[in-house]
Amino acid sequence: MEKMRLNSAIALVFFSLVAKAQTRFTDVSQTAGIKHVFQVYEGMFGGGACVIDYNNDGWEDVYITSGTLDDVLYKNNGNGTFTNVFEGSGLEITRKYVTQGVTGADVNRDGFVDLFVTTITSRERKEVIPREVNLLFLNNGNGTFRDATKEYGLDQLYSFSTGASFGDINGDGYPDLYVGNYFNQYEGKLSVINDATVVGANQIAEGYLLLNKNGKSFESVYEKYGLNHRGFGFGGIFTDYDNDGDIDIFVNHDFGYKRTPDMLLENLFPKKAFTDVAEKMGLDLKINSMGTAVGDYDNDGDMDYYMTNIKFNNFMVNQGKDKPFVNRTRELGMAFISISWGANFADFDQDGDLDLFVSNGDLNPNCVPMANFYYENKNGQFTDLAYKYGLADYGIGRGSVTFDFDNDGDQDILAVNQIPVLDYPVPSFTHLYRNDSTSGNWVKIALKGTQAEMHGLGSKIEVKAGGKTMIREIDGGASSHLSQNSVIAHFGLGDAKKIETITVYWIGGEKQILTNQAVNQLITITEPFQEKKTFNWWYLSFLLIIPLLFLLRKKKNNAIK
C-alpha cells in the first residue's frame, strides 16, 4: 500500500510538471471522440493501430485492435472528430477473437484499402496454441467490409500471431504479406512468460510469407523462398535497406538473447528466395525486439532503424552499401532504460530532419509507470522533450502511429494503451495528440501505383528543397509495434519556399521526377503506365528464318556446282 501511495505521489508530481510544460502537442482524445483502451488476455500482448482512408474521402481514418474488447473503426469526420463505425461495418466477426495487430493494403487492386487483423486465440474456446486464424477483410467500397479469410486460403493457418505487414516482394503490383508468429505450441498462461519459460522451449514458430496471387488468393511460400527460421516473432517490416529497388524484410524477435535473434532477410529478386544477412550486416540483435521505426535520420539517402526493446533500445545506423550497421544509441543521446514498444520517425517540427516518438509501458501486470519519449533531432543529436511538449504519458503504452488527422500539414500521433491488470496509480487509455507546432513549411505526397502496389508500399520518395535532400519509404505495416502509419509521405521543409525536385523510386524499378513544386500542399503522384514488354516470337522466327534460308540457298548453289 505504501508503494502504491508513493507511486501515486510521483505520478501527481509528473502530471504537475507536464501541465506547466511548453506544450507543442495537445491531447484531443476526448474532444475528438477517441474512447479506446486495449484489454489483454492472460498477459502483456497487444495492441496495434492502422491508419487508412477506408472510404476515400481524403480524411484518414483509424482501425484499432482491442484484445478481448471490441475493436474500433474510427471514421474521420473532417472536423477534428471521429465516429466509431465498427457496428454495421462487417468487421464484427472480430468479436469472436482476441485481436492483436492490424495492417492495410489494396489486396485486390479495386481502389479501396482492405484490412488484415492478427489474433492469438478465440474469446470463447480455451484451446492449446496454435489457437486461431488471422482475418482478412475486403473493402466493399460502400463503407463496409466482408470477411474473405476462407476465400483467400487463410482459414487453415492456425497460429498465435502478432504483427503483420504488406509489401510487394516480386514487383507484380499485388501486396504480399509477412506475419509474425510467436508460438507453435504453448499450454501455459501468457502472464507467466519469462526467461525461465523460454529456456529449452521448442514452441517457437515460423513466420508466414504469403504471396498474393493476382488479388484472388494467398499462397504460403515461406519454405519455397528458402526460409526455415523459427523465433518468438513480433512481426517484420518490409524495407529496402540496401537501395537495390526490391524490398527486404527485417524481423523482430522477442527473447533474441535466448533463442533466435532479429533477422534481416535480403530479397534475391528475381530469384524467388530470401537469405538472412543479419549477422553480416550487424542486425542479428539479441534483444527483446518489440518493433521497428524506419527513417533516414541523417539525410544521407540510407534507411536507418530504431528497434524497441526491454531495458535499452537500439538505434542502428546505416553505413552504406555492404557495410554493417552501427548502434549509435548512446552516441546520439538516446541511451535511456525503458520498456518500449511503438516507435515512429517523423519530422514533427518541420525543420527538415526526422524526430522520434517512442511509446513506453511496463509488462502487464507488472505495471510500473513509465513515460513515453519524444526525441527532437537537432543537428543529428537527440534530446528527450516529452515532458516539455505534452507527450510524457504514464499509461501502459504499446503500438503507435503518425498521420495528419486534421489535414493541417503536420504529423499527429495516436498511441494505444492497455488496461492495467492490477491497481495502477494513473489513468491508462489510448491518446490522440494533435501537433500544434507552427514552424516550418511542408509537403505531403501520396502515391498512386499503376503497375506498382496501389499506394506504392515500399517505394521511396526523395525531396530536394532548401539545400537538403530527404527521403521517405512508404510504410506497409508492422512498423512501430503491431501497427501501420499513414501511407502518405510527409516532409518538413523549414524555410524552403519551393521544392526543386521530387523523385519517386517505385518498387519494380521505375523512376519518376517532378520539378519546381510549391510547398504546403498534398501532391498525388501517379505512376506512368509502362506497357509491359512481351516477347515477340514472330520477330524471333523472322530473325531465325532469314539466315536459315541463306544457308539452304548456299547449299543448293554448291550442289549445282
# chains A, B, ... in the order shown; residues from 1 in each chain; ligands from 1

call {"tool": "residues_around", "arguments": {"residues": "region 205-214 of chain A", "least_positions_apart": "5", "cutoff": "9 Å", "atoms": "only C-alpha atoms", "output": "short mmCIF file (atom, residue, chain, number, x, y, z; two decimals) with N, CA and C atoms, in the first residue's frame"}}
result
data_model
loop_
_atom_site.label_atom_id
_atom_site.label_comp_id
_atom_site.auth_asym_id
_atom_site.auth_seq_id
_atom_site.Cartn_x
_atom_site.Cartn_y
_atom_site.Cartn_z
N VAL A 107 -5.59 -5.19 -51.48
CA VAL A 107 -5.23 -6.57 -51.83
C VAL A 107 -5.63 -6.94 -53.25
N ASN A 108 -6.80 -6.50 -53.68
CA ASN A 108 -7.31 -6.90 -55.00
C ASN A 108 -7.30 -5.76 -56.03
N LEU A 157 -4.64 -21.59 -41.57
CA LEU A 157 -3.37 -21.16 -40.95
C LEU A 157 -3.61 -20.79 -39.49
N SER A 159 -2.62 -20.09 -35.84
CA SER A 159 -1.37 -19.57 -35.29
C SER A 159 -1.63 -18.66 -34.10
N PHE A 160 -0.55 -18.26 -33.48
CA PHE A 160 -0.55 -17.25 -32.43
C PHE A 160 0.25 -16.08 -33.01
N SER A 161 -0.46 -15.16 -33.67
CA SER A 161 0.20 -14.14 -34.49
C SER A 161 0.25 -12.79 -33.79
N ASP A 168 5.24 -5.73 -51.59
CA ASP A 168 5.24 -6.43 -52.88
C ASP A 168 6.63 -7.01 -53.13
N ILE A 169 6.82 -8.31 -52.82
CA ILE A 169 8.16 -8.90 -52.87
C ILE A 169 8.62 -9.23 -54.29
N ASN A 170 7.67 -9.34 -55.24
CA ASN A 170 8.05 -9.71 -56.61
C ASN A 170 7.70 -8.65 -57.65
N ASP A 172 4.90 -7.37 -58.73
CA ASP A 172 3.79 -7.60 -59.66
C ASP A 172 2.60 -6.68 -59.40
N GLY A 173 2.74 -5.78 -58.41
CA GLY A 173 1.68 -4.83 -58.12
C GLY A 173 0.68 -5.28 -57.09
N TYR A 174 0.77 -6.53 -56.66
CA TYR A 174 -0.15 -7.07 -55.65
C TYR A 174 0.57 -7.21 -54.31
N PRO A 175 0.03 -6.63 -53.24
CA PRO A 175 0.72 -6.66 -51.94
C PRO A 175 0.73 -8.05 -51.31
N ASP A 176 1.92 -8.51 -50.98
CA ASP A 176 2.10 -9.78 -50.27
C ASP A 176 2.13 -9.51 -48.77
N LEU A 177 2.18 -10.59 -47.97
CA LEU A 177 2.09 -10.45 -46.52
C LEU A 177 3.23 -11.15 -45.80
N TYR A 178 3.76 -10.50 -44.77
CA TYR A 178 4.59 -11.21 -43.79
C TYR A 178 3.89 -11.11 -42.45
N VAL A 179 3.74 -12.25 -41.76
CA VAL A 179 3.06 -12.30 -40.47
C VAL A 179 4.00 -12.90 -39.44
N GLY A 180 4.18 -12.19 -38.34
CA GLY A 180 5.00 -12.70 -37.25
C GLY A 180 4.19 -13.62 -36.35
N ASN A 181 4.74 -14.80 -36.06
CA ASN A 181 4.10 -15.77 -35.17
C ASN A 181 4.98 -16.00 -33.94
N TYR A 182 4.36 -16.10 -32.78
CA TYR A 182 5.10 -16.15 -31.52
C TYR A 182 5.30 -17.58 -31.02
N PHE A 183 4.24 -18.35 -31.04
CA PHE A 183 4.28 -19.73 -30.54
C PHE A 183 3.88 -20.71 -31.62
N ASN A 184 4.42 -21.91 -31.54
CA ASN A 184 3.94 -23.04 -32.30
C ASN A 184 3.11 -23.96 -31.40
N GLN A 185 3.51 -24.00 -30.14
CA GLN A 185 2.76 -24.77 -29.14
C GLN A 185 3.03 -24.19 -27.77
N GLU A 219 -0.82 -17.54 -51.18
CA GLU A 219 -0.13 -18.82 -51.10
C GLU A 219 1.01 -18.72 -50.09
N SER A 220 1.09 -19.69 -49.19
CA SER A 220 2.17 -19.72 -48.21
C SER A 220 3.45 -20.18 -48.89
N VAL A 221 4.48 -19.30 -48.93
CA VAL A 221 5.71 -19.61 -49.68
C VAL A 221 6.95 -19.49 -48.79
N TYR A 222 6.79 -19.61 -47.50
CA TYR A 222 7.92 -19.44 -46.57
C TYR A 222 9.06 -20.40 -46.94
N GLU A 223 8.75 -21.66 -47.05
CA GLU A 223 9.79 -22.64 -47.37
C GLU A 223 10.23 -22.54 -48.83
N TYR A 225 10.64 -20.00 -50.54
CA TYR A 225 11.59 -18.90 -50.66
C TYR A 225 12.83 -19.10 -49.80
N LEU A 227 13.20 -20.15 -46.59
CA LEU A 227 13.17 -19.76 -45.18
C LEU A 227 12.76 -20.93 -44.30
N ASN A 228 13.47 -21.11 -43.21
CA ASN A 228 13.12 -22.17 -42.25
C ASN A 228 13.37 -21.70 -40.82
N HIS A 229 13.43 -20.40 -40.63
CA HIS A 229 13.77 -19.84 -39.32
C HIS A 229 12.56 -19.85 -38.39
N ARG A 230 12.82 -20.05 -37.13
CA ARG A 230 11.78 -20.01 -36.10
C ARG A 230 12.20 -19.05 -35.00
N GLY A 231 11.24 -18.40 -34.36
CA GLY A 231 11.54 -17.50 -33.28
C GLY A 231 10.28 -17.00 -32.61
N PHE A 232 10.45 -16.22 -31.56
CA PHE A 232 9.31 -15.58 -30.90
C PHE A 232 9.02 -14.29 -31.66
N GLY A 233 8.27 -14.41 -32.77
CA GLY A 233 8.13 -13.33 -33.73
C GLY A 233 7.16 -12.24 -33.30
N GLY A 235 6.66 -9.81 -35.64
CA GLY A 235 6.35 -9.22 -36.94
C GLY A 235 7.60 -8.81 -37.68
N GLY A 236 7.41 -8.39 -38.92
CA GLY A 236 8.53 -7.97 -39.75
C GLY A 236 8.14 -6.80 -40.62
#

call {"tool": "closest_atom_pairs", "arguments": {"of": "region 251-361 of chain A", "to": "region 46-70 of chain A", "cutoff": "12 Å", "atoms": "only C-alpha atoms", "output": "Markdown table"}}
result
| residue | atom | partner | partner_atom | distance |
| --- | --- | --- | --- | --- |
| A:Met290 | CA | A:Gly46 | CA | 10.7 |
| A:Gly291 | CA | A:Gly48 | CA | 11.1 |
| A:Trp341 | CA | A:Gly46 | CA | 9.9 |
| A:Gly342 | CA | A:Gly48 | CA | 8.8 |
| A:Ala343 | CA | A:Gly48 | CA | 11.9 |
| A:Ser359 | CA | A:Gly48 | CA | 11.6 |
| A:Gly361 | CA | A:Gly46 | CA | 11.6 |

call {"tool": "atom_distance", "arguments": {"atom1": "CA of Arg398 (chain A)", "atom2": "CA of Ser340 (chain A)"}}
result
7.7 Å

call {"tool": "select_by_dssp", "arguments": {"residues": "region 414-484 of chain A", "states": "strand (DSSP E)", "output": "number ranges by chain"}}
result
A: 414-418, 431-435, 441-448, 460-465, 468-473

call {"tool": "residues_around", "arguments": {"residues": "Ile461 (chain A)", "least_positions_apart": "2", "cutoff": "9 Å", "atoms": "only C-alpha atoms", "output": "list of chain:residue names"}}
result
A:Ile445, A:Ser459, A:Val463, A:Met470, A:Ile471, A:Arg472, A:Glu473, A:Ile474, A:Ala489, A:Ile502, A:Thr503, A:Val504, A:Tyr505, A:Trp506

call {"tool": "atom_distance", "arguments": {"atom1": "CA of Asp406 (chain A)", "atom2": "CA of His455 (chain A)"}}
result
20.5 Å

call {"tool": "select_by_dssp", "arguments": {"residues": "region 414-540 of chain A", "states": "alpha helix (DSSP H)", "output": "PyMOL selection string"}}
result
chain A and resi 537-540

call {"tool": "closest_residue", "arguments": {"among": "A:Asn309, A:Ile249, A:Phe403, A:Lys258", "to": "Asp276 (chain A)", "atoms": "only C-alpha atoms"}}
result
A:Ile249

call {"tool": "decode", "arguments": {"residues": "region 24-159 of chain A", "atoms": "C-alpha atoms", "output": "mmCIF file, in the first residue's frame"}}
result
data_model
loop_
_atom_site.group_PDB
_atom_site.id
_atom_site.type_symbol
_atom_site.label_atom_id
_atom_site.label_comp_id
_atom_site.auth_asym_id
_atom_site.auth_seq_id
_atom_site.Cartn_x
_atom_site.Cartn_y
_atom_site.Cartn_z
ATOM 1 C CA ARG A 24 3.549 21.540 -28.601
ATOM 2 C CA PHE A 25 1.149 18.578 -28.647
ATOM 3 C CA THR A 26 -2.394 18.712 -27.298
ATOM 4 C CA ASP A 27 -4.221 15.615 -26.096
ATOM 5 C CA VAL A 28 -7.507 15.851 -28.006
ATOM 6 C CA SER A 29 -8.667 12.287 -27.365
ATOM 7 C CA GLN A 30 -11.825 13.315 -25.542
ATOM 8 C CA THR A 31 -12.884 16.168 -27.809
ATOM 9 C CA ALA A 32 -12.083 14.121 -30.924
ATOM 10 C CA GLY A 33 -14.251 11.212 -29.754
ATOM 11 C CA ILE A 34 -11.409 8.708 -29.230
ATOM 12 C CA LYS A 35 -12.548 6.437 -26.386
ATOM 13 C CA HIS A 36 -10.438 3.321 -26.574
ATOM 14 C CA VAL A 37 -8.301 1.038 -24.449
ATOM 15 C CA PHE A 38 -6.809 -2.377 -25.162
ATOM 16 C CA GLN A 39 -7.664 -5.225 -22.765
ATOM 17 C CA VAL A 40 -5.110 -8.021 -22.554
ATOM 18 C CA TYR A 41 -5.751 -11.750 -22.453
ATOM 19 C CA GLU A 42 -3.655 -13.550 -19.816
ATOM 20 C CA GLY A 43 -0.785 -11.110 -20.098
ATOM 21 C CA MET A 44 1.077 -8.375 -21.907
ATOM 22 C CA PHE A 45 0.308 -8.915 -25.610
ATOM 23 C CA GLY A 46 -1.293 -6.223 -27.887
ATOM 24 C CA GLY A 47 -2.383 -3.930 -29.414
ATOM 25 C CA GLY A 48 -1.983 -2.002 -32.625
ATOM 26 C CA ALA A 49 -3.486 0.638 -34.886
ATOM 27 C CA CYS A 50 -3.694 1.106 -38.655
ATOM 28 C CA VAL A 51 -4.124 4.413 -40.481
ATOM 29 C CA ILE A 52 -6.344 4.051 -43.571
ATOM 30 C CA ASP A 53 -8.665 6.172 -45.648
ATOM 31 C CA TYR A 54 -11.220 3.386 -45.946
ATOM 32 C CA ASN A 55 -13.878 5.495 -47.706
ATOM 33 C CA ASN A 56 -11.536 7.518 -49.980
ATOM 34 C CA ASP A 57 -12.855 10.890 -48.770
ATOM 35 C CA GLY A 58 -9.408 12.414 -48.228
ATOM 36 C CA TRP A 59 -9.547 12.227 -44.422
ATOM 37 C CA GLU A 60 -7.522 9.434 -42.825
ATOM 38 C CA ASP A 61 -9.360 7.032 -40.539
ATOM 39 C CA VAL A 62 -8.010 4.622 -37.886
ATOM 40 C CA TYR A 63 -8.656 0.971 -37.059
ATOM 41 C CA ILE A 64 -7.521 -0.065 -33.556
ATOM 42 C CA THR A 65 -7.457 -3.591 -32.128
ATOM 43 C CA SER A 66 -8.782 -4.098 -28.600
ATOM 44 C CA GLY A 67 -7.793 -7.603 -27.426
ATOM 45 C CA THR A 68 -10.727 -9.042 -25.520
ATOM 46 C CA LEU A 69 -12.846 -5.925 -26.107
ATOM 47 C CA ASP A 70 -14.478 -4.850 -29.354
ATOM 48 C CA ASP A 71 -12.130 -3.384 -31.961
ATOM 49 C CA VAL A 72 -12.910 0.113 -33.241
ATOM 50 C CA LEU A 73 -13.048 1.687 -36.696
ATOM 51 C CA TYR A 74 -12.863 5.431 -36.259
ATOM 52 C CA LYS A 75 -14.241 7.363 -39.231
ATOM 53 C CA ASN A 76 -12.645 10.786 -39.602
ATOM 54 C CA ASN A 77 -15.456 13.333 -39.817
ATOM 55 C CA GLY A 78 -13.195 16.017 -41.293
ATOM 56 C CA ASN A 79 -13.898 18.481 -38.483
ATOM 57 C CA GLY A 80 -11.446 17.295 -35.830
ATOM 58 C CA THR A 81 -13.696 14.499 -34.582
ATOM 59 C CA PHE A 82 -14.071 10.760 -35.172
ATOM 60 C CA THR A 83 -17.068 8.419 -35.061
ATOM 61 C CA ASN A 84 -16.754 4.723 -34.235
ATOM 62 C CA VAL A 85 -18.491 2.977 -37.171
ATOM 63 C CA PHE A 86 -17.468 -0.552 -36.159
ATOM 64 C CA GLU A 87 -21.080 -1.644 -35.672
ATOM 65 C CA GLY A 88 -22.537 -2.449 -39.086
ATOM 66 C CA SER A 89 -19.149 -2.320 -40.824
ATOM 67 C CA GLY A 90 -18.877 -6.072 -41.452
ATOM 68 C CA LEU A 91 -15.914 -6.250 -39.077
ATOM 69 C CA GLU A 92 -17.980 -7.500 -36.144
ATOM 70 C CA ILE A 93 -16.692 -11.082 -36.561
ATOM 71 C CA THR A 94 -13.526 -9.908 -34.785
ATOM 72 C CA ARG A 95 -15.602 -10.083 -31.579
ATOM 73 C CA LYS A 96 -15.021 -13.843 -31.607
ATOM 74 C CA TYR A 97 -11.249 -13.396 -31.319
ATOM 75 C CA VAL A 98 -8.560 -11.819 -29.164
ATOM 76 C CA THR A 99 -7.128 -9.360 -31.675
ATOM 77 C CA GLN A 100 -3.544 -8.079 -31.686
ATOM 78 C CA GLY A 101 -2.188 -6.207 -34.719
ATOM 79 C CA VAL A 102 -3.616 -4.726 -37.913
ATOM 80 C CA THR A 103 -2.363 -3.616 -41.316
ATOM 81 C CA GLY A 104 -3.972 -2.418 -44.548
ATOM 82 C CA ALA A 105 -3.412 -2.529 -48.320
ATOM 83 C CA ASP A 106 -5.432 -2.787 -51.519
ATOM 84 C CA VAL A 107 -5.230 -6.573 -51.826
ATOM 85 C CA ASN A 108 -7.315 -6.902 -54.997
ATOM 86 C CA ARG A 109 -6.465 -3.530 -56.619
ATOM 87 C CA ASP A 110 -10.045 -2.295 -56.716
ATOM 88 C CA GLY A 111 -9.161 1.158 -55.356
ATOM 89 C CA PHE A 112 -10.157 0.548 -51.731
ATOM 90 C CA VAL A 113 -7.931 -0.377 -48.794
ATOM 91 C CA ASP A 114 -8.522 -3.796 -47.223
ATOM 92 C CA LEU A 115 -7.644 -4.886 -43.663
ATOM 93 C CA PHE A 116 -5.712 -7.804 -42.162
ATOM 94 C CA VAL A 117 -6.159 -8.402 -38.409
ATOM 95 C CA THR A 118 -3.967 -10.781 -36.378
ATOM 96 C CA THR A 119 -5.276 -12.850 -33.463
ATOM 97 C CA ILE A 120 -3.914 -15.119 -30.716
ATOM 98 C CA THR A 121 -6.999 -17.084 -29.682
ATOM 99 C CA SER A 122 -10.792 -17.070 -29.628
ATOM 100 C CA ARG A 123 -12.641 -15.447 -26.765
ATOM 101 C CA GLU A 124 -14.927 -18.423 -26.188
ATOM 102 C CA ARG A 125 -12.767 -21.552 -26.613
ATOM 103 C CA LYS A 126 -9.744 -22.269 -24.442
ATOM 104 C CA GLU A 127 -7.506 -24.267 -26.746
ATOM 105 C CA VAL A 128 -3.853 -25.181 -26.772
ATOM 106 C CA ILE A 129 -1.809 -22.941 -29.074
ATOM 107 C CA PRO A 130 -1.932 -22.694 -32.098
ATOM 108 C CA ARG A 131 -5.423 -21.467 -31.429
ATOM 109 C CA GLU A 132 -6.934 -19.384 -34.212
ATOM 110 C CA VAL A 133 -6.734 -17.961 -37.710
ATOM 111 C CA ASN A 134 -5.985 -14.391 -38.713
ATOM 112 C CA LEU A 135 -8.659 -12.393 -40.510
ATOM 113 C CA LEU A 136 -8.713 -10.761 -43.958
ATOM 114 C CA PHE A 137 -11.432 -8.201 -44.663
ATOM 115 C CA LEU A 138 -12.048 -6.893 -48.184
ATOM 116 C CA ASN A 139 -13.372 -3.361 -48.530
ATOM 117 C CA ASN A 140 -16.730 -3.317 -50.325
ATOM 118 C CA GLY A 141 -16.290 0.326 -51.346
ATOM 119 C CA ASN A 142 -19.512 1.404 -49.636
ATOM 120 C CA GLY A 143 -18.226 1.856 -46.076
ATOM 121 C CA THR A 144 -18.420 -1.829 -45.204
ATOM 122 C CA PHE A 145 -16.094 -4.858 -45.286
ATOM 123 C CA ARG A 146 -16.578 -8.572 -45.841
ATOM 124 C CA ASP A 147 -14.702 -11.491 -44.307
ATOM 125 C CA ALA A 148 -12.555 -13.017 -47.086
ATOM 126 C CA THR A 149 -10.357 -15.210 -44.873
ATOM 127 C CA LYS A 150 -11.566 -18.514 -46.322
ATOM 128 C CA GLU A 151 -11.906 -17.216 -49.882
ATOM 129 C CA TYR A 152 -8.220 -16.237 -49.905
ATOM 130 C CA GLY A 153 -6.975 -19.541 -48.476
ATOM 131 C CA LEU A 154 -6.124 -18.268 -44.995
ATOM 132 C CA ASP A 155 -8.653 -20.245 -42.981
ATOM 133 C CA GLN A 156 -6.323 -23.197 -42.271
ATOM 134 C CA LEU A 157 -3.373 -21.163 -40.955
ATOM 135 C CA TYR A 158 -3.923 -21.591 -37.217
ATOM 136 C CA SER A 159 -1.374 -19.575 -35.293
#
